[in-house]
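Scroll down for the structure; my scribbles are underneath it.
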Protein chains: 2
Amino acid sequence: MSQPSGRHPVVPPTLATVAERAGVSRQTVSNALNSPGLLRPDTLERVLAVVAELGYTPNRAARQLRTRASRLVGLRFEAAQEGASSALLDRFVHSLVETSERIGHHVLLFSGDEDDPLDGYDELLRSTAVDAFVVTDTYAGTPQAAFLQSRGAPFVAFGRPWDDLGAGGASDWAWVDVDGGHGARLATEHLIEQGHTRVAWLGWERSSRIGEDRRSGWETAMAAAGHPVAGLGVRTTDNVDAARMAVHRLLEERPVTGFVCVSDTLGIGVLHALQERGLTPGKEVGVVGFDDSLGAQMVWPGLSSVRQPLEQVAVELVTLLHLVLGDKPVDDRGTMLQPTLVVRRSSRRDWA
Amino acid sequence: MSQPSGRHPVVPPTLATVAERAGVSRQTVSNALNSPGLLRPDTLERVLAVVAELGYTPNRAARQLRTRASRLVGLRFEAAQEGASSALLDRFVHSLVETSERIGHHVLLFSGDEDDPLDGYDELLRSTAVDAFVVTDTYAGTPQAAFLQSRGAPFVAFGRPWDDLGAGGASDWAWVDVDGGHGARLATEHLIEQGHTRVAWLGWERSSRIGEDRRSGWETAMAAAGHPVAGLGVRTTDNVDAARMAVHRLLEERPVTGFVCVSDTLGIGVLHALQERGLTPGKEVGVVGFDDSLGAQMVWPGLSSVRQPLEQVAVELVTLLHLVLGDKPVDDRGTMLQPTLVVRRSSRRDWA
DNA sequence: GATGCCCGTGTGAACGATCAAATCCTAGCG
DNA sequence: CGCTAGGATTTGATCGTTCACACGGGCATC
């Protein structure tokens, strides 16, 4: 019979423990870990030996209290709307966690009321629970950025400051973003290369900054190839059925043979519509989605898609974070990354 | 022209600030927040008014140092293997974050070397960075559980202790799990109800505890209905193409009209195979997947799937966590939740 | 040989909260 | 009117670390 609760939360050693054992003072041990250069080599070695022997790790709370730095980064973790691309966030978050650890930080998740984009930030700030934030939903008009700036709280953003980009306004914060326009352009050029001339755009409502940015890439590519776009730009809500029906309507009117979509969800809607009309994706009508989600990989016959370098986004964000927290001058406040095109059978004439 | 860095990290008020302003001592303010019952009503009101006015929130570091409790819960965030169900974790994590906040805890993410399931835990423990852990990958044989127990670290697990369940061993920790066998049974019974008698099982290698548990549900349901299962249980790796080919092989040999799959990935593989053979899912051959992933919702014509109550799992875990941290006796150390069946067209004779 | 400097190390205080115990206040009672 | 019980409030110490500065010895300078 085992003890129901043999809980002896093993007491970790403290600085004093190590100091006594190594025959030096607390401060010397502290220096050995934080500024090794200050110690004489032999002292350093002796101290580090004891540290290793006892498995000493500084108490985070004590350090945080004294230095006023928690070495924690706050990230508001939104609930993925049912049906939206969430695997996207997954890749991003994992990379963020891993990269942050490399500069000695951990990621703290928090949630907030969906209707109030500022909820949660304030409390963490006041309790000095985090050193900085990673803001991911700047597309919505970004009240967070303004709020954090007014509070003097360091942060980095995944998403460019749409509002006053280049306006010289107050929006000069550190950000990283992916060039969606370029992605859509790659997709469009790819379809044109495959011999399509009437390539349609399937996007979101006009109010979406991100959506319009991507759309502009389609327009640019079409214009460059000399193909007209009149009547080929369609807007709908982000779900499979809405896309499916929009495609049916469009195909009744015009002989479209290519679709560039603002999301994989819409791309999959296109595939469904084609299937219902007896058209073979790729061979007869080319389709490209956006985000390279799980669905794109698994759907039949494989949906070509624009893939965002989310891992790289996280890496760049952490790099910026490091600078911001180090109070170093950040000259390059914005970093734009380029997406790539993943070609699958939905956009290939030959299915080889 | 704006100041490049107007960073005045606004200094939050401390206990002393509030105390002075309210004309009481620090301790009284502390009591007002932690044990309001000790104060006289009028004093309490006065103190709380000042707290609200100044927007005071206790400094987490100081509190953590003194009470030896960080109010943080560690969660190792694994990278989703490309192609695996990750949206699954998304729902779970969000619910965990939200529920934890309700008992005053935040979720701290950390990563670790993929090959070493213990990596990361030790450091957080020694630095007293977290109060407890939520362990999610107990299926692998769970060295984490044994390790955490030996360190006297509180934790709760998503996943039952397979190894010595009921063996009276050391594995009596708090856990929550989903009854996969029951889920597979629901799926099988549903197909039988639809008139199928030769229902196959498409699963993972025998080494997977979870996979075998689910399979047992299929066997039970088939036996209960009096249908033989000989030759109908197929094992493969978890990817679309492997499943597709396995299905082709099986259909060459036997007239199967139903498939219960251990994952949506395999379920989608079945749909692909049917499509290639000109068979209509649902109408001719019934298919049910597992996990109700995004792919299941988006794939044509909609894949029926067993849905795990992940939000509820998180809620139950937090409840257990609360008990474990409160040092209260936890009588019900294990909680088993039941999944539900989401029926879509892939398993319905009538597509209405 | 005294002065000044630098380098490595040690000492006391401080960060902001809570714990334990002392002190104050008020009411009740003989 | 004094004494006490008991609740309300304050005081001093403490958690483990880092900061600011003091200290002492060795070396170069004059």
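In the structure tokens, the first chain shown is A, the next is B, and so on; residue numbers restart at 1 for each chain, and ligands run from 1 in the order shown.
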Neighbour list for B:Pro13 as number ranges by chain, cut-off 9 Å, only C-alpha atoms (C1' of nucleotides), skip fewer than 3 positions in-chain:
A: 126; B: 16-18, 54-58
Keeping only all heavy atoms, write those residues as a PDB file, in the first residue's frame.
ATOM      1  N   ARG A 126      -0.307  45.396 -14.636  1.00  0.00           N
ATOM      2  CA  ARG A 126      -0.324  45.964 -13.293  1.00  0.00           C
ATOM      3  C   ARG A 126       0.324  45.037 -12.271  1.00  0.00           C
ATOM      4  O   ARG A 126       0.928  45.485 -11.304  1.00  0.00           O
ATOM      5  CB  ARG A 126      -1.756  46.273 -12.870  1.00  0.00           C
ATOM      6  CG  ARG A 126      -2.337  47.475 -13.580  1.00  0.00           C
ATOM      7  CD  ARG A 126      -3.541  47.995 -12.830  1.00  0.00           C
ATOM      8  NE  ARG A 126      -4.376  46.901 -12.381  1.00  0.00           N
ATOM      9  CZ  ARG A 126      -5.629  46.675 -12.765  1.00  0.00           C
ATOM     10  NH1 ARG A 126      -6.178  47.482 -13.635  1.00  0.00           N
ATOM     11  NH2 ARG A 126      -6.313  45.672 -12.296  1.00  0.00           N
TER      12      ARG A 126
ATOM     13  N   ALA B  16       2.044  49.547  -0.048  1.00  0.00           N
ATOM     14  CA  ALA B  16       2.340  50.708   0.795  1.00  0.00           C
ATOM     15  C   ALA B  16       1.627  51.945   0.285  1.00  0.00           C
ATOM     16  O   ALA B  16       1.089  52.739   1.071  1.00  0.00           O
ATOM     17  CB  ALA B  16       3.852  50.933   0.828  1.00  0.00           C
ATOM     18  N   THR B  17       1.616  52.104  -1.024  1.00  0.00           N
ATOM     19  CA  THR B  17       0.934  53.254  -1.617  1.00  0.00           C
ATOM     20  C   THR B  17      -0.528  53.280  -1.207  1.00  0.00           C
ATOM     21  O   THR B  17      -1.056  54.291  -0.737  1.00  0.00           O
ATOM     22  CB  THR B  17       0.990  53.176  -3.154  1.00  0.00           C
ATOM     23  OG1 THR B  17       2.278  52.747  -3.557  1.00  0.00           O
ATOM     24  CG2 THR B  17       0.663  54.513  -3.771  1.00  0.00           C
ATOM     25  N   VAL B  18      -1.163  52.135  -1.398  1.00  0.00           N
ATOM     26  CA  VAL B  18      -2.582  52.027  -1.072  1.00  0.00           C
ATOM     27  C   VAL B  18      -2.809  52.265   0.417  1.00  0.00           C
ATOM     28  O   VAL B  18      -3.717  52.995   0.821  1.00  0.00           O
ATOM     29  CB  VAL B  18      -3.114  50.629  -1.472  1.00  0.00           C
ATOM     30  CG1 VAL B  18      -4.574  50.489  -1.078  1.00  0.00           C
ATOM     31  CG2 VAL B  18      -2.939  50.411  -2.957  1.00  0.00           C
ATOM     32  N   LEU B  54      -6.816  53.455  -7.511  1.00  0.00           N
ATOM     33  CA  LEU B  54      -5.434  53.401  -8.003  1.00  0.00           C
ATOM     34  C   LEU B  54      -5.226  52.256  -8.992  1.00  0.00           C
ATOM     35  O   LEU B  54      -4.181  52.154  -9.617  1.00  0.00           O
ATOM     36  CB  LEU B  54      -4.456  53.231  -6.837  1.00  0.00           C
ATOM     37  CG  LEU B  54      -4.434  54.362  -5.806  1.00  0.00           C
ATOM     38  CD1 LEU B  54      -3.387  54.056  -4.738  1.00  0.00           C
ATOM     39  CD2 LEU B  54      -4.101  55.677  -6.499  1.00  0.00           C
ATOM     40  N   GLY B  55      -6.198  51.391  -9.099  1.00  0.00           N
ATOM     41  CA  GLY B  55      -6.031  50.237  -9.975  1.00  0.00           C
ATOM     42  C   GLY B  55      -4.930  49.329  -9.476  1.00  0.00           C
ATOM     43  O   GLY B  55      -4.105  48.840 -10.246  1.00  0.00           O
ATOM     44  N   TYR B  56      -4.943  49.112  -8.190  1.00  0.00           N
ATOM     45  CA  TYR B  56      -3.881  48.287  -7.611  1.00  0.00           C
ATOM     46  C   TYR B  56      -4.082  46.795  -7.860  1.00  0.00           C
ATOM     47  O   TYR B  56      -5.183  46.271  -7.728  1.00  0.00           O
ATOM     48  CB  TYR B  56      -3.807  48.527  -6.100  1.00  0.00           C
ATOM     49  CG  TYR B  56      -2.951  47.532  -5.383  1.00  0.00           C
ATOM     50  CD1 TYR B  56      -1.562  47.601  -5.476  1.00  0.00           C
ATOM     51  CD2 TYR B  56      -3.518  46.499  -4.649  1.00  0.00           C
ATOM     52  CE1 TYR B  56      -0.767  46.673  -4.841  1.00  0.00           C
ATOM     53  CE2 TYR B  56      -2.727  45.559  -4.010  1.00  0.00           C
ATOM     54  CZ  TYR B  56      -1.347  45.646  -4.114  1.00  0.00           C
ATOM     55  OH  TYR B  56      -0.575  44.720  -3.489  1.00  0.00           O
ATOM     56  N   THR B  57      -3.024  46.126  -8.246  1.00  0.00           N
ATOM     57  CA  THR B  57      -3.000  44.665  -8.375  1.00  0.00           C
ATOM     58  C   THR B  57      -1.725  44.194  -7.716  1.00  0.00           C
ATOM     59  O   THR B  57      -0.655  44.734  -7.983  1.00  0.00           O
ATOM     60  CB  THR B  57      -2.987  44.238  -9.851  1.00  0.00           C
ATOM     61  OG1 THR B  57      -4.064  44.892 -10.528  1.00  0.00           O
ATOM     62  CG2 THR B  57      -3.148  42.738  -9.979  1.00  0.00           C
ATOM     63  N   PRO B  58      -1.814  43.207  -6.837  1.00  0.00           N
ATOM     64  CA  PRO B  58      -0.616  42.761  -6.121  1.00  0.00           C
ATOM     65  C   PRO B  58       0.505  42.347  -7.076  1.00  0.00           C
ATOM     66  O   PRO B  58       0.246  41.736  -8.112  1.00  0.00           O
ATOM     67  CB  PRO B  58      -1.117  41.549  -5.327  1.00  0.00           C
ATOM     68  CG  PRO B  58      -2.582  41.726  -5.221  1.00  0.00           C
ATOM     69  CD  PRO B  58      -3.001  42.460  -6.456  1.00  0.00           C
TER      70      PRO B  58
END
Residues of chain C at most 8 Å from chain B: nearest atom pair and distance in Å, only C-alpha atoms (C1' of nucleotides), as a Markdown table:
| residue | atom | partner | partner_atom | distance |
| --- | --- | --- | --- | --- |
| C:DC15 | C1' | B:Ala62 | CA | 7.9 |
| C:DG16 | C1' | B:Ala62 | CA | 4.9 |
| C:DA17 | C1' | B:Ala62 | CA | 4.7 |
| C:DT18 | C1' | B:Arg66 | CA | 5.9 |
Determine which residues of stretch 139-271 of chain A DSSP labels as strand (DSSP E or B) from the backbone of this structure, then write them out as a PDB file with N, CA and C atoms, in the first residue's frame.
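Final output, saved to part-v5.pdb:
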ATOM      1  N   PHE A 155       6.230  45.638 -26.474  1.00  0.00           N
ATOM      2  CA  PHE A 155       5.535  44.581 -27.194  1.00  0.00           C
ATOM      3  C   PHE A 155       6.031  44.498 -28.623  1.00  0.00           C
ATOM      4  N   VAL A 156       5.783  43.376 -29.235  1.00  0.00           N
ATOM      5  CA  VAL A 156       6.056  43.215 -30.662  1.00  0.00           C
ATOM      6  C   VAL A 156       4.785  42.649 -31.283  1.00  0.00           C
ATOM      7  N   ALA A 157       4.580  42.950 -32.548  1.00  0.00           N
ATOM      8  CA  ALA A 157       3.326  42.559 -33.181  1.00  0.00           C
ATOM      9  C   ALA A 157       3.528  41.688 -34.405  1.00  0.00           C
ATOM     10  N   PHE A 158       2.669  40.686 -34.513  1.00  0.00           N
ATOM     11  CA  PHE A 158       2.590  39.908 -35.744  1.00  0.00           C
ATOM     12  C   PHE A 158       1.484  40.582 -36.543  1.00  0.00           C
ATOM     13  N   ALA A 174       7.479  47.770 -33.192  1.00  0.00           N
ATOM     14  CA  ALA A 174       8.195  46.670 -33.847  1.00  0.00           C
ATOM     15  C   ALA A 174       7.193  45.634 -34.341  1.00  0.00           C
ATOM     16  N   TRP A 175       7.274  45.283 -35.591  1.00  0.00           N
ATOM     17  CA  TRP A 175       6.340  44.300 -36.124  1.00  0.00           C
ATOM     18  C   TRP A 175       6.992  43.381 -37.136  1.00  0.00           C
ATOM     19  N   VAL A 176       6.338  42.265 -37.348  1.00  0.00           N
ATOM     20  CA  VAL A 176       6.732  41.306 -38.377  1.00  0.00           C
ATOM     21  C   VAL A 176       5.452  40.925 -39.105  1.00  0.00           C
ATOM     22  N   ASP A 177       5.519  40.815 -40.391  1.00  0.00           N
ATOM     23  CA  ASP A 177       4.319  40.417 -41.113  1.00  0.00           C
ATOM     24  C   ASP A 177       4.695  39.627 -42.365  1.00  0.00           C
ATOM     25  N   VAL A 178       3.679  39.002 -42.920  1.00  0.00           N
ATOM     26  CA  VAL A 178       3.895  38.230 -44.141  1.00  0.00           C
ATOM     27  C   VAL A 178       3.231  38.957 -45.298  1.00  0.00           C
ATOM     28  N   VAL A 199      -8.557  33.995 -64.646  1.00  0.00           N
ATOM     29  CA  VAL A 199      -8.322  33.572 -63.271  1.00  0.00           C
ATOM     30  C   VAL A 199      -9.130  34.456 -62.318  1.00  0.00           C
ATOM     31  N   ALA A 200     -10.016  33.846 -61.552  1.00  0.00           N
ATOM     32  CA  ALA A 200     -10.874  34.604 -60.647  1.00  0.00           C
ATOM     33  C   ALA A 200     -10.254  34.751 -59.262  1.00  0.00           C
ATOM     34  N   TRP A 201     -10.763  35.729 -58.541  1.00  0.00           N
ATOM     35  CA  TRP A 201     -10.356  35.928 -57.147  1.00  0.00           C
ATOM     36  C   TRP A 201     -11.549  35.637 -56.253  1.00  0.00           C
ATOM     37  N   LEU A 202     -11.307  34.835 -55.205  1.00  0.00           N
ATOM     38  CA  LEU A 202     -12.356  34.535 -54.255  1.00  0.00           C
ATOM     39  C   LEU A 202     -11.889  35.029 -52.885  1.00  0.00           C
ATOM     40  N   GLY A 203     -12.527  36.102 -52.418  1.00  0.00           N
ATOM     41  CA  GLY A 203     -12.016  36.713 -51.199  1.00  0.00           C
ATOM     42  C   GLY A 203     -13.076  37.013 -50.159  1.00  0.00           C
ATOM     43  N   GLY A 233     -13.599  39.267 -59.661  1.00  0.00           N
ATOM     44  CA  GLY A 233     -13.324  39.342 -58.227  1.00  0.00           C
ATOM     45  C   GLY A 233     -14.598  39.119 -57.424  1.00  0.00           C
ATOM     46  N   VAL A 234     -14.627  38.043 -56.651  1.00  0.00           N
ATOM     47  CA  VAL A 234     -15.835  37.703 -55.887  1.00  0.00           C
ATOM     48  C   VAL A 234     -15.540  37.764 -54.397  1.00  0.00           C
ATOM     49  N   ARG A 235     -16.512  38.266 -53.643  1.00  0.00           N
ATOM     50  CA  ARG A 235     -16.331  38.319 -52.194  1.00  0.00           C
ATOM     51  C   ARG A 235     -17.396  37.487 -51.503  1.00  0.00           C
ATOM     52  N   GLY A 258      -9.611  29.378 -63.528  1.00  0.00           N
ATOM     53  CA  GLY A 258      -8.638  29.433 -62.437  1.00  0.00           C
ATOM     54  C   GLY A 258      -9.201  30.201 -61.254  1.00  0.00           C
ATOM     55  N   PHE A 259      -8.863  29.739 -60.032  1.00  0.00           N
ATOM     56  CA  PHE A 259      -9.335  30.407 -58.818  1.00  0.00           C
ATOM     57  C   PHE A 259      -8.181  30.620 -57.848  1.00  0.00           C
ATOM     58  N   VAL A 260      -7.989  31.866 -57.459  1.00  0.00           N
ATOM     59  CA  VAL A 260      -7.045  32.149 -56.379  1.00  0.00           C
ATOM     60  C   VAL A 260      -7.899  32.558 -55.182  1.00  0.00           C
ATOM     61  N   CYS A 261      -7.684  31.895 -54.049  1.00  0.00           N
ATOM     62  CA  CYS A 261      -8.566  32.108 -52.910  1.00  0.00           C
ATOM     63  C   CYS A 261      -7.813  32.706 -51.728  1.00  0.00           C
TER      64      CYS A 261
END
Work out how far apart atom CA of A:Asp119 and atom CA of A:Gly159 are and give it in Å to one decimal.
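Distance between the two atoms: 19.4 Å.
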Here is a test: counting only C-alpha atoms (C1' of nucleotides), which residue of D:DC30, D:DG7, D:DG12, D:DG24 is nearest to chain B?
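Looking only at the distances to chain B, the closest residue turns out to be D:DG7.
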Mind listing the helix (DSSP H, G or I) residues of stretch 33-230 of chain B, per DSSP on the backbone, as a ChimeraX atom specification?
/B:33-34,36-38,41-54,60-67,87-102,121-126,138-140,143-150,180-193,209-225
Could you list, as a PyMOL selection string, every residue of chain D that has an atom within 6 Å of an atom of chain A, counting only C-alpha atoms (C1' of nucleotides)?
chain D and resi 16-18
Using only N, CA and C atoms (P, O5', C5', C4', C3', O3' and C1' of nucleotides), please write the residues we just selected to a file, as a compact mmCIF listing (two decimals), in the first residue's frame.
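Done, and the output landed in result-v6.txt:
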# COMPACT_ATOMS: atom_id res chain seq x y z
P DG D 16 14.03 30.92 0.71
O5' DG D 16 14.70 31.73 -0.49
C5' DG D 16 14.16 31.58 -1.79
C4' DG D 16 14.85 32.54 -2.74
C3' DG D 16 16.38 32.36 -2.83
O3' DG D 16 16.71 32.38 -4.21
C1' DG D 16 15.86 34.60 -2.32
P DT D 17 18.17 32.18 -4.74
O5' DT D 17 18.46 33.60 -5.38
C5' DT D 17 17.67 34.04 -6.47
C4' DT D 17 17.69 35.54 -6.57
C3' DT D 17 19.02 36.16 -6.97
O3' DT D 17 19.02 36.37 -8.39
C1' DT D 17 17.88 37.43 -5.26
P DT D 18 20.38 36.84 -9.10
O5' DT D 18 20.38 38.42 -8.86
C5' DT D 18 19.34 39.20 -9.44
C4' DT D 18 19.46 40.64 -8.99
C3' DT D 18 20.74 41.34 -9.44
O3' DT D 18 20.36 42.63 -9.91
C1' DT D 18 20.49 41.55 -7.10
Each chain A residue no farther than 7 Å from chain B, nearest pair in Å, only C-alpha atoms, as JSON lines:
{"residue": "A:Ser2", "atom": "CA", "partner": "B:Ala170", "partner_atom": "CA", "distance": 6.7}
{"residue": "A:Arg7", "atom": "CA", "partner": "B:Gly152", "partner_atom": "CA", "distance": 4.8}
{"residue": "A:His8", "atom": "CA", "partner": "B:Gly152", "partner_atom": "CA", "distance": 5.2}
{"residue": "A:Pro9", "atom": "CA", "partner": "B:Gly152", "partner_atom": "CA", "distance": 4.5}
{"residue": "A:Val10", "atom": "CA", "partner": "B:Arg151", "partner_atom": "CA", "distance": 6.0}
{"residue": "A:Pro12", "atom": "CA", "partner": "B:Arg126", "partner_atom": "CA", "distance": 5.8}
{"residue": "A:Thr57", "atom": "CA", "partner": "B:Ser127", "partner_atom": "CA", "distance": 5.3}
{"residue": "A:Pro58", "atom": "CA", "partner": "B:Ser127", "partner_atom": "CA", "distance": 5.6}
{"residue": "A:Asn59", "atom": "CA", "partner": "B:Ser127", "partner_atom": "CA", "distance": 4.6}
{"residue": "A:Arg60", "atom": "CA", "partner": "B:Ser127", "partner_atom": "CA", "distance": 5.6}
{"residue": "A:Ala61", "atom": "CA", "partner": "B:Ala61", "partner_atom": "CA", "distance": 4.9}
{"residue": "A:Ala62", "atom": "CA", "partner": "B:Leu65", "partner_atom": "CA", "distance": 5.8}
{"residue": "A:Gln64", "atom": "CA", "partner": "B:Ala61", "partner_atom": "CA", "distance": 5.9}
{"residue": "A:Leu65", "atom": "CA", "partner": "B:Ala61", "partner_atom": "CA", "distance": 5.2}
{"residue": "A:Phe77", "atom": "CA", "partner": "B:His94", "partner_atom": "CA", "distance": 6.7}
{"residue": "A:Ala79", "atom": "CA", "partner": "B:His94", "partner_atom": "CA", "distance": 5.9}
{"residue": "A:Gly83", "atom": "CA", "partner": "B:Leu294", "partner_atom": "CA", "distance": 6.1}
{"residue": "A:Ser86", "atom": "CA", "partner": "B:Ala87", "partner_atom": "CA", "distance": 6.0}
{"residue": "A:Ala87", "atom": "CA", "partner": "B:Ala87", "partner_atom": "CA", "distance": 5.5}
{"residue": "A:His94", "atom": "CA", "partner": "B:Ala79", "partner_atom": "CA", "distance": 5.8}
{"residue": "A:Val97", "atom": "CA", "partner": "B:Phe110", "partner_atom": "CA", "distance": 6.1}
{"residue": "A:Glu98", "atom": "CA", "partner": "B:Ser111", "partner_atom": "CA", "distance": 5.9}
{"residue": "A:His106", "atom": "CA", "partner": "B:Phe110", "partner_atom": "CA", "distance": 6.5}
{"residue": "A:Val107", "atom": "CA", "partner": "B:Leu109", "partner_atom": "CA", "distance": 5.4}
{"residue": "A:Leu108", "atom": "CA", "partner": "B:Leu108", "partner_atom": "CA", "distance": 4.6}
{"residue": "A:Leu109", "atom": "CA", "partner": "B:Val107", "partner_atom": "CA", "distance": 5.4}
{"residue": "A:Phe110", "atom": "CA", "partner": "B:Val97", "partner_atom": "CA", "distance": 6.1}
{"residue": "A:Ser111", "atom": "CA", "partner": "B:Glu98", "partner_atom": "CA", "distance": 5.9}
{"residue": "A:Arg126", "atom": "CA", "partner": "B:Thr57", "partner_atom": "CA", "distance": 5.7}
{"residue": "A:Ser127", "atom": "CA", "partner": "B:Asn59", "partner_atom": "CA", "distance": 4.6}
{"residue": "A:Thr128", "atom": "CA", "partner": "B:Asn59", "partner_atom": "CA", "distance": 6.1}
{"residue": "A:Ala129", "atom": "CA", "partner": "B:Arg60", "partner_atom": "CA", "distance": 6.0}
{"residue": "A:Arg151", "atom": "CA", "partner": "B:Val10", "partner_atom": "CA", "distance": 6.0}
{"residue": "A:Gly152", "atom": "CA", "partner": "B:Pro9", "partner_atom": "CA", "distance": 4.5}
{"residue": "A:Ala153", "atom": "CA", "partner": "B:Pro9", "partner_atom": "CA", "distance": 6.0}
{"residue": "A:Ala170", "atom": "CA", "partner": "B:Ser2", "partner_atom": "CA", "distance": 6.7}
{"residue": "A:Val240", "atom": "CA", "partner": "B:Met298", "partner_atom": "CA", "distance": 6.9}
{"residue": "A:His272", "atom": "CA", "partner": "B:Trp300", "partner_atom": "CA", "distance": 6.6}
{"residue": "A:Leu294", "atom": "CA", "partner": "B:Gly83", "partner_atom": "CA", "distance": 6.1}
{"residue": "A:Gly295", "atom": "CA", "partner": "B:Gly295", "partner_atom": "CA", "distance": 4.9}
{"residue": "A:Met298", "atom": "CA", "partner": "B:Val240", "partner_atom": "CA", "distance": 6.9}
{"residue": "A:Val299", "atom": "CA", "partner": "B:Val299", "partner_atom": "CA", "distance": 5.8}
{"residue": "A:Trp300", "atom": "CA", "partner": "B:His272", "partner_atom": "CA", "distance": 6.6}
Distance query D:DA8 at most 10 Å, only C-alpha atoms (C1' of nucleotides), self and fewer than 4 positions along chain excluded, as a list in words
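Within the cut-off, the hits are Thr28, Leu38, Leu39, Arg40 and Thr43 of chain B; DC24, DC25 and DT26 of chain C.
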Store the residues picked out above, limited to N, CA, C and O atoms (P, O5', C5', C4', C3', O3' and C1' of nucleotides), as a PDB file, in the first residue's frame.
ATOM      1  N   THR B  28      -3.287  45.555   6.597  1.00  0.00           N
ATOM      2  CA  THR B  28      -4.736  45.707   6.492  1.00  0.00           C
ATOM      3  C   THR B  28      -5.175  45.655   5.025  1.00  0.00           C
ATOM      4  O   THR B  28      -6.187  45.041   4.690  1.00  0.00           O
ATOM      5  N   LEU B  38     -11.838  39.677   7.888  1.00  0.00           N
ATOM      6  CA  LEU B  38     -11.148  40.165   9.078  1.00  0.00           C
ATOM      7  C   LEU B  38     -11.368  41.658   9.322  1.00  0.00           C
ATOM      8  O   LEU B  38     -11.137  42.154  10.422  1.00  0.00           O
ATOM      9  N   LEU B  39     -11.758  42.370   8.289  1.00  0.00           N
ATOM     10  CA  LEU B  39     -11.873  43.826   8.432  1.00  0.00           C
ATOM     11  C   LEU B  39     -13.262  44.260   8.877  1.00  0.00           C
ATOM     12  O   LEU B  39     -14.248  43.587   8.637  1.00  0.00           O
ATOM     13  N   ARG B  40     -13.303  45.413   9.482  1.00  0.00           N
ATOM     14  CA  ARG B  40     -14.593  45.993   9.808  1.00  0.00           C
ATOM     15  C   ARG B  40     -15.171  46.520   8.497  1.00  0.00           C
ATOM     16  O   ARG B  40     -14.423  47.076   7.673  1.00  0.00           O
ATOM     17  N   THR B  43     -14.010  49.912   7.191  1.00  0.00           N
ATOM     18  CA  THR B  43     -12.596  49.922   6.796  1.00  0.00           C
ATOM     19  C   THR B  43     -12.436  49.233   5.448  1.00  0.00           C
ATOM     20  O   THR B  43     -11.764  49.729   4.545  1.00  0.00           O
TER      21      THR B  43
ATOM     22  P    DC C  24       0.086  50.080  22.168  1.00  0.00           P
ATOM     23  O5'  DC C  24      -1.357  50.397  21.582  1.00  0.00           O
ATOM     24  C5'  DC C  24      -1.479  50.741  20.198  1.00  0.00           C
ATOM     25  C4'  DC C  24      -2.915  50.511  19.760  1.00  0.00           C
ATOM     26  C3'  DC C  24      -3.941  51.239  20.630  1.00  0.00           C
ATOM     27  O3'  DC C  24      -4.655  52.161  19.827  1.00  0.00           O
ATOM     28  C1'  DC C  24      -4.567  48.962  20.216  1.00  0.00           C
ATOM     29  P    DC C  25      -5.612  53.254  20.515  1.00  0.00           P
ATOM     30  O5'  DC C  25      -7.023  52.521  20.407  1.00  0.00           O
ATOM     31  C5'  DC C  25      -7.487  52.088  19.135  1.00  0.00           C
ATOM     32  C4'  DC C  25      -8.755  51.281  19.322  1.00  0.00           C
ATOM     33  C3'  DC C  25      -9.790  51.943  20.231  1.00  0.00           C
ATOM     34  O3'  DC C  25     -10.967  52.149  19.471  1.00  0.00           O
ATOM     35  C1'  DC C  25      -9.470  49.638  20.806  1.00  0.00           C
ATOM     36  P    DT C  26     -12.120  53.130  20.031  1.00  0.00           P
ATOM     37  O5'  DT C  26     -13.240  52.083  20.458  1.00  0.00           O
ATOM     38  C5'  DT C  26     -13.546  50.996  19.570  1.00  0.00           C
ATOM     39  C4'  DT C  26     -14.263  49.912  20.329  1.00  0.00           C
ATOM     40  C3'  DT C  26     -15.324  50.431  21.302  1.00  0.00           C
ATOM     41  O3'  DT C  26     -16.598  49.979  20.873  1.00  0.00           O
ATOM     42  C1'  DT C  26     -13.991  48.714  22.283  1.00  0.00           C
TER      43       DT C  26
END
Surrounding residues of B:Ile192 excluding itself and chain neighbours under 4 positions, 9 Å, only C-alpha atoms (C1' of nucleotides), as a PyMOL selection string
chain B and resi 187-188+196-199+221-222+225+258
10 Å contact set for D:DT4, only C-alpha atoms (C1' of nucleotides), chain neighbours under 2 positions out, as JSON, numbers by chain:
{"C": [28, 29], "D": [2, 6]}
Close residues, D:DC21 itself excluded, 12 Å, only C-alpha atoms (C1' of nucleotides), min 5 positions apart in chain, as a PyMOL selection string:
chain C and resi 10-13
I'd like the neighbourhood of D:DG25 as JSON, numbers by chain, where a residue qualifies if any of its atoms comes within 12 Å (using only C-alpha atoms (C1' of nucleotides)), though same-chain residues fewer than 6 positions away should be ignored.
{"C": [6, 7, 8, 9]}
For atom CA of A:Gly302 and atom CA of A:Arg344, determine how far apart the two atoms are, in Å to one decimal place.
5.4 Å
Using Å and a single decimal, report how far atom CA of A:Arg244 sits from atom CA of A:Arg277.
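So the two atoms, atom CA of A:Arg277 and atom CA of A:Arg244, lie 10.9 Å apart.
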